[in-house]
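Enquirer: You'll find data_6.tsv just under this line, and it carries TSV, C-alpha atoms.
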```tsv
chain	number	residue	atom	x	y	z
M	241	MET	CA	-6.71	13.12	21.90
M	242	ARG	CA	-4.24	14.42	19.33
M	243	LYS	CA	-4.11	11.09	17.46
M	244	TYR	CA	-7.89	11.18	16.94
M	245	ILE	CA	-7.61	14.63	15.40
M	246	TYR	CA	-4.90	13.39	13.01
M	247	ILE	CA	-6.94	10.30	12.12
M	248	GLY	CA	-10.05	12.44	11.59
M	249	ILE	CA	-8.30	14.94	9.34
M	250	GLY	CA	-6.62	12.13	7.39
M	251	GLY	CA	-9.91	10.26	7.09
M	252	PHE	CA	-11.69	13.36	5.82
M	253	LEU	CA	-9.03	14.00	3.17
M	254	GLY	CA	-8.86	10.32	2.17
M	255	ALA	CA	-12.62	9.99	1.78
M	256	ILE	CA	-12.83	13.17	-0.31
M	257	SER	CA	-9.93	11.96	-2.48
M	258	ARG	CA	-11.63	8.61	-3.05
M	259	TYR	CA	-14.93	10.29	-3.89
M	260	LEU	CA	-13.27	12.59	-6.44
M	261	LEU	CA	-11.29	9.78	-8.08
M	262	LYS	CA	-14.31	7.44	-8.13
M	263	ALA	CA	-16.30	10.14	-9.95
M	264	LEU	CA	-13.75	10.54	-12.76
M	265	PRO	CA	-14.96	9.13	-16.09
M	266	LEU	CA	-11.81	7.06	-16.69
M	267	TRP	CA	-13.28	4.46	-19.00
M	268	ASP	CA	-16.78	3.44	-19.99
M	269	TYR	CA	-16.64	-0.14	-18.79
M	270	ASN	CA	-20.44	-0.57	-18.69
M	271	HIS	CA	-20.15	-2.05	-15.22
M	272	LEU	CA	-17.96	-4.89	-16.51
M	273	PHE	CA	-14.77	-3.87	-14.75
M	274	PRO	CA	-14.67	-1.26	-11.93
M	275	LEU	CA	-11.47	0.47	-13.04
M	276	ASN	CA	-11.82	3.46	-10.70
M	277	THR	CA	-11.94	1.26	-7.59
M	278	LEU	CA	-9.00	-0.78	-8.88
M	279	ILE	CA	-6.91	2.37	-9.34
M	280	ILE	CA	-7.89	3.65	-5.90
M	281	ASN	CA	-6.96	0.40	-4.14
M	282	VAL	CA	-3.71	-0.18	-6.03
M	283	SER	CA	-2.51	3.40	-5.54
M	284	GLY	CA	-3.49	3.15	-1.86
M	285	SER	CA	-1.46	-0.05	-1.48
M	286	LEU	CA	1.58	1.63	-3.02
M	287	LEU	CA	1.16	4.76	-0.92
M	288	LEU	CA	0.64	2.87	2.35
M	289	ALA	CA	3.72	0.71	1.83
M	290	PHE	CA	5.81	3.72	0.81
M	291	VAL	CA	4.71	5.91	3.71
M	292	TYR	CA	4.92	3.20	6.37
M	293	THR	CA	8.29	1.94	5.18
M	294	ALA	CA	9.65	5.48	5.17
M	295	ALA	CA	7.92	6.46	8.42
M	296	PHE	CA	8.98	3.43	10.45
M	297	ASP	CA	12.37	2.68	8.98
M	298	PHE	CA	13.84	6.03	7.97
M	299	LEU	CA	11.91	9.16	8.92
M	300	LYS	CA	10.95	8.19	12.47
M	301	LEU	CA	7.68	10.11	12.13
M	302	ASP	CA	5.54	10.79	15.15
M	303	GLU	CA	3.06	7.98	15.88
M	304	ASP	CA	0.10	10.36	15.57
M	305	VAL	CA	1.22	11.45	12.10
M	306	ARG	CA	1.60	7.80	11.03
M	307	LEU	CA	-1.92	7.07	12.29
M	308	GLY	CA	-3.29	10.11	10.50
M	309	VAL	CA	-1.74	9.08	7.20
M	310	GLY	CA	-2.17	5.29	7.42
M	311	THR	CA	-5.36	4.72	9.38
M	312	GLY	CA	-6.95	8.06	8.52
M	313	PHE	CA	-6.11	9.03	4.97
M	314	ILE	CA	-5.27	5.69	3.36
M	315	GLY	CA	-7.87	3.81	5.38
M	316	ALA	CA	-10.58	6.14	4.11
M	317	TYR	CA	-9.10	6.36	0.61
M	318	THR	CA	-8.90	2.63	-0.11
M	319	THR	CA	-11.99	0.50	-0.17
M	320	PHE	CA	-11.80	-3.26	0.17
M	321	SER	CA	-15.51	-3.48	0.94
M	322	THR	CA	-16.40	-1.71	-2.32
M	323	MET	CA	-14.14	-4.08	-4.24
M	324	CYS	CA	-15.91	-7.04	-2.64
M	325	ARG	CA	-19.33	-5.59	-3.37
M	326	GLU	CA	-18.43	-4.89	-6.99
M	327	THR	CA	-17.12	-8.45	-7.36
M	328	PHE	CA	-20.37	-9.77	-5.90
M	329	VAL	CA	-22.44	-7.64	-8.30
M	330	LEU	CA	-20.44	-8.99	-11.24
M	331	PHE	CA	-20.98	-12.58	-10.02
M	332	SER	CA	-24.67	-12.10	-9.37
M	333	GLY	CA	-25.06	-10.56	-12.85
M	334	GLY	CA	-23.58	-13.68	-14.45
M	335	ARG	CA	-20.32	-11.98	-15.39
M	336	TYR	CA	-18.16	-14.69	-13.85
M	337	PHE	CA	-15.06	-14.04	-15.95
M	338	TYR	CA	-15.09	-10.33	-15.07
M	339	ALA	CA	-15.73	-11.05	-11.39
M	340	VAL	CA	-12.83	-13.50	-11.07
M	341	SER	CA	-10.56	-11.32	-13.20
M	342	TYR	CA	-11.36	-8.26	-11.10
M	343	ALA	CA	-10.69	-10.06	-7.81
M	344	VAL	CA	-7.43	-11.63	-9.02
M	345	VAL	CA	-6.15	-8.46	-10.70
M	346	SER	CA	-7.02	-6.39	-7.61
M	347	ALA	CA	-5.11	-8.71	-5.29
M	348	ALA	CA	-2.13	-9.16	-7.62
M	349	LEU	CA	-1.72	-5.48	-8.43
M	350	GLY	CA	-2.33	-4.47	-4.82
M	351	LEU	CA	0.42	-6.77	-3.57
M	352	GLY	CA	2.72	-5.71	-6.39
M	353	ALA	CA	2.08	-2.05	-5.57
M	354	ALA	CA	2.82	-2.68	-1.89
M	355	PHE	CA	6.15	-4.31	-2.74
M	356	LEU	CA	6.94	-1.45	-5.13
M	357	GLY	CA	6.05	1.18	-2.51
M	358	ALA	CA	8.32	-0.41	0.09
M	359	PHE	CA	11.10	-0.79	-2.50
M	360	LEU	CA	10.82	2.86	-3.59
M	361	ALA	CA	10.90	4.06	0.03
M	362	GLU	CA	14.02	2.03	0.72
M	363	LYS	CA	15.68	3.33	-2.45
M	364	ALA	CA	14.77	6.91	-1.58
M	365	ALA	CA	16.26	6.48	1.89
M	366	MET	CA	19.47	5.00	0.49
M	367	ALA	CA	19.98	7.75	-2.10
M	368	PRO	CA	23.35	9.36	-1.43
M	369	ASP	CA	23.34	12.91	-0.15
M	370	GLU	CA	24.57	15.67	-2.42
M	371	GLU	CA	27.67	15.92	-0.24
M	372	GLN	CA	28.52	12.26	-0.80
M	373	GLY	CA	29.72	10.32	-3.78
M	374	GLY	CA	27.87	7.31	-5.19
M	375	ASP	CA	29.77	5.02	-2.82
M	376	GLY	CA	28.83	7.08	0.27
M	377	THR	CA	32.24	8.75	0.66
M	378	GLU	CA	32.43	12.48	1.10
M	379	ILE	CA	33.31	14.55	-1.95
M	380	GLU	CA	36.00	17.16	-1.47
M	381	THR	CA	34.91	20.64	-2.42
M	382	GLU	CA	37.21	23.12	-4.10
M	383	SER	CA	37.74	25.08	-0.88
M	384	GLU	CA	38.75	21.94	1.01
M	385	VAL	CA	41.38	20.99	-1.60
M	386	GLU	CA	43.34	24.25	-1.30
```
Output the structure of this file as structure tokens.
Expert:
Amino acid sequence: MRKYIYIGIGGFLGAISRYLLKALPLWDYNHLFPLNTLIINVSGSLLLAFVYTAAFDFLKLDEDVRLGVGTGFIGAYTTFSTMCRETFVLFSGGRYFYAVSYAVVSAALGLGAAFLGAFLAEKAAMAPDEEQGGDGTEIETESEVE
């Protein structure tokens, strides 16, 4: 039962976040290029890869928390179906170049963001602690030297 609560809370927050970002007047594209949806999906791809890489590989987060963040928040935040609908609307309006460009750019940037998110999570996990040198060896403090 707990996992459903986490998914529900994450889904609520993700849907509200998407709604707020979708409503921002980022650029007047006159329905030629849905920039808001692109930003939502690319940032969601980066966030999902970062969180899941960190959660599974390094943080060992509770399964319910992972479901709340991944399935709940990011699942509600990102919107593949809206991207497909917007591409269809562009096609059906005769804006073939914009439709193809939007689909290709969405896929390319989404995959790139996912790779970047995983890379950043791995780098964050490998960052040396303050008590260690750049090579992972412990640094002697002044009190240990005496």
Enquirer: For M:Leu351, which residue out of M:Ser283, M:Thr277, M:Ser257, M:Ser332 is the nearest one, using all atoms listed in the file?
Expert: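 Result for the nearest residue to M:Leu351: M:Ser283.
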Enquirer: What's the separation between atom CA of M:Gly333 and atom CA of M:Val282, in Å to one decimal place?
Expert: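 These atoms are spaced 24.7 Å apart.
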Enquirer: Quick one, how far is atom CA of M:Arg242 from atom CA of M:Leu360?
Expert: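 Atom CA of M:Leu360 lies 29.8 Å from atom CA of M:Arg242.
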Enquirer: What's the separation between atom CA of M:Leu286 and atom CA of M:Leu272, in Å to one decimal place?
Expert: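 It comes out at 24.6 Å.
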Enquirer: Hey, could you make a per-residue contact list for stretch 291-371 of chain M against stretch 249-256 of chain M with 10 Å as the cut-off, showing the nearest pair of atoms and its distance in Å to one decimal, counting all atoms listed in the file, sorted by chain and number, as a Markdown table?
Expert:
```
| residue | atom | partner | partner_atom | distance |
| --- | --- | --- | --- | --- |
| M:Val305 | CA | M:Gly250 | CA | 9.2 |
| M:Arg306 | CA | M:Gly250 | CA | 10.0 |
| M:Leu307 | CA | M:Gly250 | CA | 8.5 |
| M:Gly308 | CA | M:Gly250 | CA | 5.0 |
| M:Val309 | CA | M:Gly250 | CA | 5.8 |
| M:Gly310 | CA | M:Gly250 | CA | 8.2 |
| M:Thr311 | CA | M:Gly251 | CA | 7.5 |
| M:Gly312 | CA | M:Gly251 | CA | 4.0 |
| M:Phe313 | CA | M:Gly250 | CA | 4.0 |
| M:Ile314 | CA | M:Gly254 | CA | 6.0 |
| M:Gly315 | CA | M:Gly251 | CA | 7.0 |
| M:Ala316 | CA | M:Gly254 | CA | 4.9 |
| M:Tyr317 | CA | M:Gly254 | CA | 4.3 |
| M:Thr318 | CA | M:Gly254 | CA | 8.0 |
| M:Thr319 | CA | M:Ala255 | CA | 9.7 |
```
Enquirer: Any chance you can output those residues with C-alpha atoms as a short mmCIF file (atom, residue, chain, number, x, y, z; two decimals), in the coordinates of the input?
Expert:
```cif
data_model
loop_
_atom_site.label_atom_id
_atom_site.label_comp_id
_atom_site.auth_asym_id
_atom_site.auth_seq_id
_atom_site.Cartn_x
_atom_site.Cartn_y
_atom_site.Cartn_z
CA VAL M 305 1.22 11.45 12.10
CA ARG M 306 1.60 7.80 11.03
CA LEU M 307 -1.92 7.07 12.29
CA GLY M 308 -3.29 10.11 10.50
CA VAL M 309 -1.74 9.08 7.20
CA GLY M 310 -2.17 5.29 7.42
CA THR M 311 -5.36 4.72 9.38
CA GLY M 312 -6.95 8.06 8.52
CA PHE M 313 -6.11 9.03 4.97
CA ILE M 314 -5.27 5.69 3.36
CA GLY M 315 -7.87 3.81 5.38
CA ALA M 316 -10.58 6.14 4.11
CA TYR M 317 -9.10 6.36 0.61
CA THR M 318 -8.90 2.63 -0.11
CA THR M 319 -11.99 0.50 -0.17
#
```
Enquirer: For stretch 254-289 of chain M, where the input has fewer atoms than it should, I would like N, CA and C atoms rebuilt and written as an mmCIF file, keeping the file's coordinate frame.
Expert:
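So the final result, stored in selection_16.cif, reads:
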```cif
data_model
loop_
_atom_site.group_PDB
_atom_site.id
_atom_site.type_symbol
_atom_site.label_atom_id
_atom_site.label_comp_id
_atom_site.auth_asym_id
_atom_site.auth_seq_id
_atom_site.Cartn_x
_atom_site.Cartn_y
_atom_site.Cartn_z
ATOM 1 N N GLY M 254 -8.863 11.574 2.924
ATOM 2 C CA GLY M 254 -8.860 10.320 2.170
ATOM 3 C C GLY M 254 -10.211 10.022 1.549
ATOM 4 N N ALA M 255 -11.281 10.251 2.303
ATOM 5 C CA ALA M 255 -12.620 9.990 1.780
ATOM 6 C C ALA M 255 -12.961 10.941 0.637
ATOM 7 N N ILE M 256 -12.593 12.198 0.769
ATOM 8 C CA ILE M 256 -12.830 13.170 -0.310
ATOM 9 C C ILE M 256 -12.021 12.788 -1.543
ATOM 10 N N SER M 257 -10.771 12.378 -1.350
ATOM 11 C CA SER M 257 -9.930 11.960 -2.480
ATOM 12 C C SER M 257 -10.535 10.767 -3.202
ATOM 13 N N ARG M 258 -11.010 9.788 -2.438
ATOM 14 C CA ARG M 258 -11.630 8.610 -3.050
ATOM 15 C C ARG M 258 -12.887 9.004 -3.815
ATOM 16 N N TYR M 259 -13.696 9.850 -3.230
ATOM 17 C CA TYR M 259 -14.930 10.290 -3.890
ATOM 18 C C TYR M 259 -14.609 10.971 -5.223
ATOM 19 N N LEU M 260 -13.628 11.862 -5.219
ATOM 20 C CA LEU M 260 -13.270 12.590 -6.440
ATOM 21 C C LEU M 260 -12.717 11.650 -7.513
ATOM 22 N N LEU M 261 -11.862 10.718 -7.113
ATOM 23 C CA LEU M 261 -11.290 9.780 -8.080
ATOM 24 C C LEU M 261 -12.355 8.810 -8.596
ATOM 25 N N LYS M 262 -13.238 8.369 -7.729
ATOM 26 C CA LYS M 262 -14.310 7.440 -8.130
ATOM 27 C C LYS M 262 -15.236 8.098 -9.150
ATOM 28 N N ALA M 263 -15.400 9.415 -9.064
ATOM 29 C CA ALA M 263 -16.300 10.140 -9.950
ATOM 30 C C ALA M 263 -15.697 10.440 -11.325
ATOM 31 N N LEU M 264 -14.384 10.249 -11.472
ATOM 32 C CA LEU M 264 -13.750 10.540 -12.760
ATOM 33 C C LEU M 264 -14.223 9.539 -13.824
ATOM 34 N N PRO M 265 -14.570 10.041 -14.999
ATOM 35 C CA PRO M 265 -14.960 9.130 -16.090
ATOM 36 C C PRO M 265 -13.714 8.574 -16.784
ATOM 37 N N LEU M 266 -13.064 7.594 -16.157
ATOM 38 C CA LEU M 266 -11.810 7.060 -16.690
ATOM 39 C C LEU M 266 -12.006 6.196 -17.923
ATOM 40 N N TRP M 267 -13.050 5.396 -17.910
ATOM 41 C CA TRP M 267 -13.280 4.460 -19.000
ATOM 42 C C TRP M 267 -14.710 3.967 -18.887
ATOM 43 N N ASP M 268 -15.400 3.912 -20.005
ATOM 44 C CA ASP M 268 -16.780 3.440 -19.990
ATOM 45 C C ASP M 268 -16.778 1.919 -20.036
ATOM 46 N N TYR M 269 -16.729 1.312 -18.867
ATOM 47 C CA TYR M 269 -16.640 -0.140 -18.790
ATOM 48 C C TYR M 269 -18.007 -0.811 -18.691
ATOM 49 N N ASN M 270 -19.074 -0.032 -18.751
ATOM 50 C CA ASN M 270 -20.440 -0.570 -18.690
ATOM 51 C C ASN M 270 -20.617 -1.551 -17.546
ATOM 52 N N HIS M 271 -20.040 -1.235 -16.430
ATOM 53 C CA HIS M 271 -20.150 -2.050 -15.220
ATOM 54 C C HIS M 271 -19.552 -3.441 -15.385
ATOM 55 N N LEU M 272 -18.627 -3.593 -16.331
ATOM 56 C CA LEU M 272 -17.960 -4.890 -16.510
ATOM 57 C C LEU M 272 -16.676 -4.979 -15.704
ATOM 58 N N PHE M 273 -16.036 -3.857 -15.489
ATOM 59 C CA PHE M 273 -14.770 -3.870 -14.750
ATOM 60 C C PHE M 273 -14.625 -2.533 -14.033
ATOM 61 N N PRO M 274 -14.727 -2.512 -12.717
ATOM 62 C CA PRO M 274 -14.670 -1.260 -11.930
ATOM 63 C C PRO M 274 -13.249 -0.689 -11.861
ATOM 64 N N LEU M 275 -12.838 -0.032 -12.927
ATOM 65 C CA LEU M 275 -11.470 0.470 -13.040
ATOM 66 C C LEU M 275 -11.149 1.527 -11.985
ATOM 67 N N ASN M 276 -12.090 2.410 -11.683
ATOM 68 C CA ASN M 276 -11.820 3.460 -10.700
ATOM 69 C C ASN M 276 -11.449 2.870 -9.338
ATOM 70 N N THR M 277 -12.224 1.884 -8.888
ATOM 71 C CA THR M 277 -11.940 1.260 -7.590
ATOM 72 C C THR M 277 -10.597 0.542 -7.625
ATOM 73 N N LEU M 278 -10.291 -0.100 -8.737
ATOM 74 C CA LEU M 278 -9.000 -0.780 -8.880
ATOM 75 C C LEU M 278 -7.854 0.220 -8.739
ATOM 76 N N ILE M 279 -7.961 1.345 -9.413
ATOM 77 C CA ILE M 279 -6.910 2.370 -9.340
ATOM 78 C C ILE M 279 -6.784 2.915 -7.917
ATOM 79 N N ILE M 280 -7.905 3.143 -7.280
ATOM 80 C CA ILE M 280 -7.890 3.650 -5.900
ATOM 81 C C ILE M 280 -7.170 2.654 -4.980
ATOM 82 N N ASN M 281 -7.533 1.392 -5.047
ATOM 83 C CA ASN M 281 -6.960 0.400 -4.140
ATOM 84 C C ASN M 281 -5.486 0.124 -4.428
ATOM 85 N N VAL M 282 -5.115 0.078 -5.696
ATOM 86 C CA VAL M 282 -3.710 -0.180 -6.030
ATOM 87 C C VAL M 282 -2.845 1.017 -5.634
ATOM 88 N N SER M 283 -3.303 2.232 -5.929
ATOM 89 C CA SER M 283 -2.510 3.400 -5.540
ATOM 90 C C SER M 283 -2.447 3.530 -4.012
ATOM 91 N N GLY M 284 -3.510 3.139 -3.320
ATOM 92 C CA GLY M 284 -3.490 3.150 -1.860
ATOM 93 C C GLY M 284 -2.509 2.141 -1.295
ATOM 94 N N SER M 285 -2.420 0.973 -1.916
ATOM 95 C CA SER M 285 -1.460 -0.050 -1.480
ATOM 96 C C SER M 285 -0.030 0.456 -1.645
ATOM 97 N N LEU M 286 0.244 1.091 -2.778
ATOM 98 C CA LEU M 286 1.580 1.630 -3.020
ATOM 99 C C LEU M 286 1.895 2.738 -2.016
ATOM 100 N N LEU M 287 0.950 3.635 -1.822
ATOM 101 C CA LEU M 287 1.160 4.760 -0.920
ATOM 102 C C LEU M 287 1.346 4.304 0.529
ATOM 103 N N LEU M 288 0.524 3.361 0.976
ATOM 104 C CA LEU M 288 0.640 2.870 2.350
ATOM 105 C C LEU M 288 1.996 2.216 2.592
ATOM 106 N N ALA M 289 2.420 1.374 1.670
ATOM 107 C CA ALA M 289 3.720 0.710 1.830
ATOM 108 C C ALA M 289 4.857 1.725 1.791
#
```
